[in-house]
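**Q** My structure is below; once you've seen it, I'll send some questions.
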Amino acid sequence: MQHELTKLGNNLQTLFIDAPGSTSASVQIWFRAGSALEKKENEGIAHFLEHMFFKGTDKRPGAAIAHEVESFGGEINAFTSFDYTCYYINTPATELNHTTEILLDMVSNPRFLEEDLVPERGVVFEEYRRSIDNPNQYGFQKIQKSCFTGGYAHPILGTEKTILNFSQDQLKDFRKGFYNLNNALLVVAGDMKEKNQIKKTIEEFKLPNGPRSEFPKFKLKSQSTIEIHEKDTHMVQMSICLQAPTFESSSAPQEDLAINCLGHGESSRLYQELVGQTAIATSCGSSTMFMNDGGLHFIKLIFPIEKMREVLSSFEKLIISTLNEGLSDKEIQKIKNQYVASKVYDMESIESYAFSLGHSFASTGDITSEEEFINRIKKTTVSEVNDSLKRIFKRPIHFSVQMPLGQKNAKNEKLLESFQTRFIKKLKSVKEAHPKLSKPLKSKFDPQVQCYTVKPGVKLIYRQNLMNPTFVLHAYIKGGITEESKATNGLYQLISSTITKGYGKVDYLDLKKELDYLTASLSSFSGKNAYGLTMHGQSEHFETLLDHFNGTLIGPSFKSTFVKQEKEMALRMLKNHLKDPVKICFNNASQTFFNGHPYAMSVMGTESSVKKVSAKLIKETHQKNLRNKEILITYCGDKSFDEVYDKLEPLFESLKSRKEKPAKQGKVKPKLGEKIFVEFDREQTQIFTGIPTAPLKHKDHLALKMLTTHLSGQSSELFVEVRDRQGLCYTAQPVHFSALEAGYWGIYMASGYDKVEAALKAIHEIIDKIRVHGLSRDEFKRIKKMIAGQSLLNIQTNDDYANIYSVTTLQGFPLDHYHLSNNEIEKLTYDSFSKDLKRILSKKWSTILVGREKPEGF
């Protein structure tokens with residue numbers, strides 16, 4: 001992809017990124033204006049301003065902006081950070097000039113009407129409430145308050161007081177101060193066939209002149225701190241913050257490498273010491289966040305309260321020994337490889353590449369700064385990295401600890417404070433210093449896709465993609481939750497979580513180290529009707545990586561130590577789910593709509609069933625499946641078919657022929673008209689109201705997909721009514737769960753506990769209106785156009801292509817099932833759609849509420 005940075009006739013800096021032949025495009029505008037520039041009285045105004053830009057212009061009032069974008073299958077959104085705000089539209093390439101005009105109209109001509117301001121306060125306040133309920137977001141706010149300074153010390157969302165009192169004048173003043181030509185970059189990315197016309201379109205709009213934003217220096221407090229607070233969660237969450245240099249400084253790449261070597265990825269020292277080898281912690285990691293002027297080194301540990309003393313001791317020993325012994329060349333080269341690979345992977349999709357360059361501008365004012373940073377990374381030496389790690393831990397160190405409710409007591413506070421004192425003292429003592437096959441079935445829609453039957457019950461899907469030197473390799477095996485009983489519930493999740501923990505003579509740590517070194521990933525999955533493996537990597541390492549893929553699939557170790565650890569992790573997760581109202585809501589939905597069917601069970605299992613699953617059962621089940629169950633291997637990447645098949649042949653030789661059986665179809669008897677209330681003390685109540693649906697092959701899913709599309713997006717009548725007009729929630733969306741044997745459809749919303757009755761009324765008024773009156777012919781046509789546009793936009797990466805062909809092919813559907821479904825939608829008549837929709841929506845609805853107060857009459 002080629003890019004050109006230019007200043008057009010209206011003085012707007014514009015970056016054109018040319019991707020010839022691309023079917024998707026992206027238009028973004030970045031402003032160097034974020035929450036760090038806010039004053040005490042308008043904290044959160046940068047984020048609130050982002051929301052208000054979506055409220056329309058004179059040309060496109062109200063939700064017309066989102067409606068217009070979504071009508072051609074596009075996606076519109078924005079985000080606000082400390083130092084910048086970005087507005088973007090991802091669009092089919094055919095609409096690139098049109099999209100550019102829409103985005104520039106939106107940011108150039110906002111109305112900021114009082115009638116939009118009032119309900120949006122409610123919307124943002126719901127977002128704020130959600131952040132309070134979320135342990136991670138709440139914990140970060142505590143970190144900001146305890147050790148950040150200046151404009152970085154308050155939440156990006158603002159506070160309850162500021163959010164509920166924002167005025168038109170505050171909006172206009174902040175926009176006037178920072179949304180100007182010196183702080184703006186427009187990014188237009190896609191096939192540049194219409195570049196001259198796009199330039200003319202851009203030059204029709206004007207942004208005001210103004211000064212370049214002057215950001216405060218990001219500084220942590222000058223003395224070490226410790227902050228302890230409680231939250232309703234099962235795990236301790238410990239965050240450790242240290243000052244980092246500015247992005248442009250000579251020491252930045254050295255320090256960034258050092259902190260990432262310490263704790264990034266499962267092969268890192270920190271992960272192996274606390275999770276991989278001992279499982280005393282549940283997760284951990286380290287990273288660096290650069291602000292406009294300064295930065296933050298961040299280490300995070302999550303662990304059970306009863307493991308706190310052990311975790312603190314192990315963490316302390318690990319840091320001290322690493323500082324004394326130093327990081328190895330191989331560890332450092334691993335992170336260097338990952339940095340280089342990240343830029344390669346960015347180029348898989350047009351919007352990722354555009355975001356990368358836009359982010360560079362927003363962070364430093366220079367679109368090339370991230371590329372230059374990687375070049376500096378490459379030149380960094382081992383000694384420089386180790387020296388910088390020592391420098392980092394000589395600085396003031398800040399601890400923020402989130403404890404489960406009731407655990408912030410004198411004993412635990414003393415333990416933490418003693419650890420801090422001892423750790424800092426020890427830090428000061430540290431010295432400076434990689435057959436022959438039958439004729440394939442070819443896709444009629446994608447000439448690059450071929451499906452081979454290698455032998456009965458064993459298939460290979462191959463798709464060549466010459467645009468990028470990367471690949472994805474999937475293995476799908478029939479199995480999953482439908483093969484479980486109540487006694488073995490969770491078995492396939494445990495197979496999935498332990499299958500990548502080493503194979504044959506290759507142990508887990510060596511495997512993870514090599515994968516990290518080669519910047520590749522090997523993961524597993526388990527679903528309703530299948531489970532398997534996914535490998536993603538760079539093509540230059542294909543041969544080495546394939547050895548690991550084959551070994552992991554055919555001969556995983558399933559060592560009892562890892563099985564024991566993963567069972568413990570599963571039990572912890574099940575406990576966490578007890579504190580997660582969203583999980584509780586949808587678990588109840590599954591039990592209602594899949595009543596008595598295996599789909600009703602949790603993929604994670606139950607405490608009782610997980611405890612009973614043994615390493616022997618896991619190994620026997622997987623090996624039996626390898627002998628008997630149908631298997632599909634899918635490759636998408638730039639290698640030729642002959643190269644791929646030659647390397648996969650040993651795997652296929654090890655697999656015997658097996659009977660091809662029709663997809664399993666168990667009968668589902670859903671509960672109808674249920675009203676379920678689960679008491680749960682949270683600011684927001686989780687709401688789901690829905691109906692059961694037919695198996696995946698049924699024609700009803702065409703109408704439901706169209707209805708889902710109609711009710712999705714920021715311009716939908718659902719979003720506009722319940723959020724924009726009534727301010728009942730931050731998010732509301734249709735949920736269309738379709739699986740092989742059954743499914744469900746409904747509306748999900750998280751609303752303040754005091755707004756539940758109004759929320760349910762609003763949802764059912766919308767559904768009843770559609771059921772009784774249907775949708776208009778214009779809406780019907782718009783939905784078809786949206787789906788066609790989304791189909792172009794949503795399939796870009798190798799993984800995207802692998803997913804749309806593989807799962808359905810394994811279960812006996814046609815290779816082109818995805819495309820054929822879209823064709824069926826295109827052929828669907830208005831009268832047939834309306835009739836189906838009325839019939840479907842006339843079913844008895846069930847409602848699940850998880851929240852603080854049960855509505856009257858529910």
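If you're wondering about the labels, chains in the structure tokens are A, B, ... by order shown, residues count from 1 in each chain, ligands from 1 in order shown.
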Where does DSSP see strand (DSSP E) in stretch 404-464 of chain A, if you list the residues as a PyMOL selection string?

**A** chain A and resi 404+441-442+449-455+458-464

**Q** Show me, as a ChimeraX atom specification, the residues that have an atom within 8 Å of A:Val454 when counting only C-alpha atoms, minus same-chain residues fewer than 2 positions from it.

**A** /A:437-438,452,456,458-460,652

**Q** Based on the backbone DSSP call, show me all residues of stretch 306-398 of chain A assigned alpha helix (DSSP H), as a PyMOL selection string.

**A** chain A and resi 308-325+329-346+350-364+369-379+382-392

**Q** Deliver the residues from the most recent selection as a file, using C-alpha atoms, as a short mmCIF file (atom, residue, chain, number, x, y, z; two decimals), in the first residue's frame.

**A**
data_model
loop_
_atom_site.label_atom_id
_atom_site.label_comp_id
_atom_site.auth_asym_id
_atom_site.auth_seq_id
_atom_site.Cartn_x
_atom_site.Cartn_y
_atom_site.Cartn_z
CA MET A 308 -1.30 -13.30 47.80
CA ARG A 309 1.70 -13.96 50.04
CA GLU A 310 3.07 -16.55 47.58
CA VAL A 311 2.53 -14.28 44.56
CA LEU A 312 4.24 -11.30 46.22
CA SER A 313 7.23 -13.42 47.21
CA SER A 314 7.60 -15.00 43.75
CA PHE A 315 7.20 -11.66 41.99
CA GLU A 316 9.84 -10.06 44.18
CA LYS A 317 12.33 -12.92 43.61
CA LEU A 318 11.71 -12.89 39.85
CA ILE A 319 12.30 -9.16 39.44
CA ILE A 320 15.45 -9.14 41.56
CA SER A 321 16.94 -12.20 39.81
CA THR A 322 16.09 -10.79 36.36
CA LEU A 323 17.75 -7.48 37.20
CA ASN A 324 20.85 -9.30 38.44
CA GLU A 325 21.06 -11.95 35.68
CA ASP A 329 19.35 -12.26 23.55
CA LYS A 330 16.64 -14.73 22.54
CA GLU A 331 14.06 -13.11 24.83
CA ILE A 332 14.84 -9.69 23.43
CA GLN A 333 14.85 -10.85 19.82
CA LYS A 334 11.44 -12.43 20.40
CA ILE A 335 9.91 -9.05 21.25
CA LYS A 336 11.74 -7.38 18.36
CA ASN A 337 10.25 -9.97 16.02
CA GLN A 338 6.79 -9.28 17.41
CA TYR A 339 7.13 -5.55 16.80
CA VAL A 340 8.12 -6.10 13.18
CA ALA A 341 5.34 -8.66 12.73
CA SER A 342 2.73 -6.29 14.14
CA LYS A 343 3.29 -3.96 11.21
CA VAL A 344 3.06 -6.87 8.76
CA TYR A 345 -0.23 -8.00 10.32
CA ASP A 346 -1.54 -4.42 10.27
CA ILE A 350 -7.00 -1.44 5.18
CA GLU A 351 -8.45 0.07 8.34
CA SER A 352 -5.70 -1.39 10.58
CA TYR A 353 -2.99 0.12 8.41
CA ALA A 354 -4.81 3.46 8.32
CA PHE A 355 -5.30 3.44 12.09
CA SER A 356 -1.58 2.75 12.57
CA LEU A 357 -0.56 5.85 10.61
CA GLY A 358 -3.32 7.98 12.11
CA HIS A 359 -2.32 6.97 15.62
CA SER A 360 1.28 7.96 14.87
CA PHE A 361 0.10 11.45 13.95
CA ALA A 362 -2.20 11.76 16.95
CA SER A 363 0.53 10.66 19.36
CA THR A 364 3.48 12.63 17.99
CA SER A 369 6.91 7.94 14.11
CA GLU A 370 5.82 4.34 14.80
CA GLU A 371 7.78 3.03 11.82
CA GLU A 372 10.83 4.94 12.99
CA PHE A 373 10.35 3.58 16.50
CA ILE A 374 10.48 0.01 15.17
CA ASN A 375 13.70 0.82 13.30
CA ARG A 376 15.12 2.05 16.60
CA ILE A 377 13.88 -1.13 18.28
CA LYS A 378 15.82 -3.24 15.74
CA LYS A 379 19.06 -1.43 16.55
CA VAL A 382 21.04 -6.58 24.72
CA SER A 383 23.13 -4.53 27.11
CA GLU A 384 21.03 -1.40 26.47
CA VAL A 385 17.84 -3.32 27.28
CA ASN A 386 19.22 -4.76 30.51
CA ASP A 387 20.61 -1.42 31.60
CA SER A 388 17.26 0.23 30.96
CA LEU A 389 15.42 -2.41 33.01
CA LYS A 390 17.56 -1.53 35.98
CA ARG A 391 16.90 2.18 35.44
CA ILE A 392 13.14 1.58 35.36
#

**Q** Name the closest residue to A:Tyr179 among the candidates A:Ile76, A:Phe140, A:Glu50, A:His229; distances are taken between atoms, counting only C-alpha atoms.

**A**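 Smallest separation from A:Tyr179 among the options: A:Glu50.
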
**Q** Which residues, written as a ChimeraX atom specification, have at least one atom at most 9 Å from A:Glu248, with only C-alpha atoms counted and residues fewer than 2 positions away on the same chain left out?

**A** /A:245-246,250-253,293,364,369,373

**Q** The selected residues should be written to file as a JSON list (two decimals), in the first residue's frame (atoms: all heavy atoms).

**A**
[["chain", "number", "residue", "atom", "x", "y", "z"],
["A", 245, "PRO", "N", 9.77, 7.11, 29.72],
["A", 245, "PRO", "CA", 10.20, 8.33, 29.04],
["A", 245, "PRO", "C", 9.23, 8.74, 27.93],
["A", 245, "PRO", "O", 8.25, 8.06, 27.66],
["A", 245, "PRO", "CB", 11.56, 7.93, 28.46],
["A", 245, "PRO", "CG", 11.42, 6.47, 28.19],
["A", 245, "PRO", "CD", 10.54, 5.94, 29.30],
["A", 246, "THR", "N", 9.53, 9.85, 27.27],
["A", 246, "THR", "CA", 8.74, 10.24, 26.11],
["A", 246, "THR", "C", 9.03, 9.30, 24.95],
["A", 246, "THR", "O", 10.10, 8.69, 24.87],
["A", 246, "THR", "CB", 9.09, 11.67, 25.67],
["A", 246, "THR", "OG1", 10.47, 11.73, 25.32],
["A", 246, "THR", "CG2", 8.78, 12.68, 26.78],
["A", 250, "SER", "N", 15.70, 8.74, 23.36],
["A", 250, "SER", "CA", 16.61, 7.67, 22.94],
["A", 250, "SER", "C", 16.43, 6.41, 23.78],
["A", 250, "SER", "O", 16.69, 5.29, 23.31],
["A", 250, "SER", "CB", 18.07, 8.15, 23.03],
["A", 250, "SER", "OG", 18.37, 8.51, 24.38],
["A", 251, "SER", "N", 15.94, 6.56, 25.01],
["A", 251, "SER", "CA", 15.80, 5.40, 25.89],
["A", 251, "SER", "C", 14.44, 4.70, 25.73],
["A", 251, "SER", "O", 14.25, 3.61, 26.26],
["A", 251, "SER", "CB", 15.96, 5.83, 27.36],
["A", 251, "SER", "OG", 14.96, 6.77, 27.72],
["A", 252, "ALA", "N", 13.50, 5.30, 24.99],
["A", 252, "ALA", "CA", 12.14, 4.74, 24.88],
["A", 252, "ALA", "C", 12.13, 3.33, 24.29],
["A", 252, "ALA", "O", 11.49, 2.43, 24.86],
["A", 252, "ALA", "CB", 11.24, 5.67, 24.08],
["A", 253, "PRO", "N", 12.79, 3.06, 23.15],
["A", 253, "PRO", "CA", 12.76, 1.69, 22.62],
["A", 253, "PRO", "C", 13.43, 0.68, 23.54],
["A", 253, "PRO", "O", 13.00, -0.47, 23.64],
["A", 253, "PRO", "CB", 13.48, 1.80, 21.27],
["A", 253, "PRO", "CG", 14.25, 3.06, 21.33],
["A", 253, "PRO", "CD", 13.50, 3.98, 22.23],
["A", 293, "ASP", "N", 3.60, 13.41, 26.01],
["A", 293, "ASP", "CA", 4.89, 13.82, 26.56],
["A", 293, "ASP", "C", 5.13, 13.04, 27.85],
["A", 293, "ASP", "O", 4.82, 13.50, 28.94],
["A", 293, "ASP", "CB", 4.89, 15.33, 26.82],
["A", 293, "ASP", "CG", 6.25, 15.84, 27.28],
["A", 293, "ASP", "OD1", 7.23, 15.06, 27.23],
["A", 293, "ASP", "OD2", 6.35, 17.02, 27.67],
["A", 364, "THR", "N", 2.24, 11.85, 18.11],
["A", 364, "THR", "CA", 3.48, 12.63, 17.99],
["A", 364, "THR", "C", 3.42, 13.76, 16.98],
["A", 364, "THR", "O", 4.34, 14.58, 16.92],
["A", 364, "THR", "CB", 4.64, 11.70, 17.58],
["A", 364, "THR", "OG1", 4.41, 11.22, 16.24],
["A", 364, "THR", "CG2", 4.77, 10.52, 18.52],
["A", 369, "SER", "N", 6.23, 8.13, 12.83],
["A", 369, "SER", "CA", 6.91, 7.94, 14.11],
["A", 369, "SER", "C", 6.92, 6.49, 14.58],
["A", 369, "SER", "O", 7.93, 6.02, 15.15],
["A", 369, "SER", "CB", 6.28, 8.83, 15.19],
["A", 369, "SER", "OG", 4.92, 8.49, 15.38],
["A", 373, "PHE", "N", 10.14, 4.20, 15.19],
["A", 373, "PHE", "CA", 10.35, 3.58, 16.50],
["A", 373, "PHE", "C", 10.76, 2.11, 16.34],
["A", 373, "PHE", "O", 11.65, 1.62, 17.05],
["A", 373, "PHE", "CB", 9.06, 3.68, 17.32],
["A", 373, "PHE", "CG", 9.19, 3.26, 18.76],
["A", 373, "PHE", "CD1", 9.76, 4.10, 19.70],
["A", 373, "PHE", "CD2", 8.77, 2.00, 19.17],
["A", 373, "PHE", "CE1", 9.89, 3.72, 21.02],
["A", 373, "PHE", "CE2", 8.89, 1.61, 20.48],
["A", 373, "PHE", "CZ", 9.45, 2.47, 21.42]]

**Q** For A:Val722, which of A:Ala694, A:Ala475, A:Ile747, A:Cys261 is the closest residue, counting only C-alpha atoms?

**A**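 When distances to A:Val722 are compared using only C-alpha atoms, the smallest one comes from A:Ile747.
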
**Q** Give me, please, the distance in Å between atom CA of A:Phe586 and atom CA of A:Met604, quoted to one decimal.

**A**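 One can read the atom CA of A:Phe586 to atom CA of A:Met604 distance as 13.6 Å.
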
**Q** Go through A:Ala520, A:Asn409, A:His548, A:Gly480 one by one, measure the shortest atom-to-atom distance of each to A:Gly504 using only C-alpha atoms, and give the residue with the smallest value.

**A**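 Answer, going by the shortest atom-to-atom distance: A:His548.
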
**Q** Atom CA of A:Tyr818 and atom CA of A:Lys444, how far apart in Å?

**A** 11.6 Å

**Q** Any idea what's packed within 7 Å of A:Gly789, counting only C-alpha atoms, ignoring anything in its chain fewer than 6 positions away? Could you give it as a ChimeraX atom specification?

**A** /A:72-74,92

**Q** When distances are computed from only C-alpha atoms, which of A:Pro695, A:Gly139, A:Pro581, A:Pro20 shows the smallest separation from A:Val850?

**A** A:Pro581
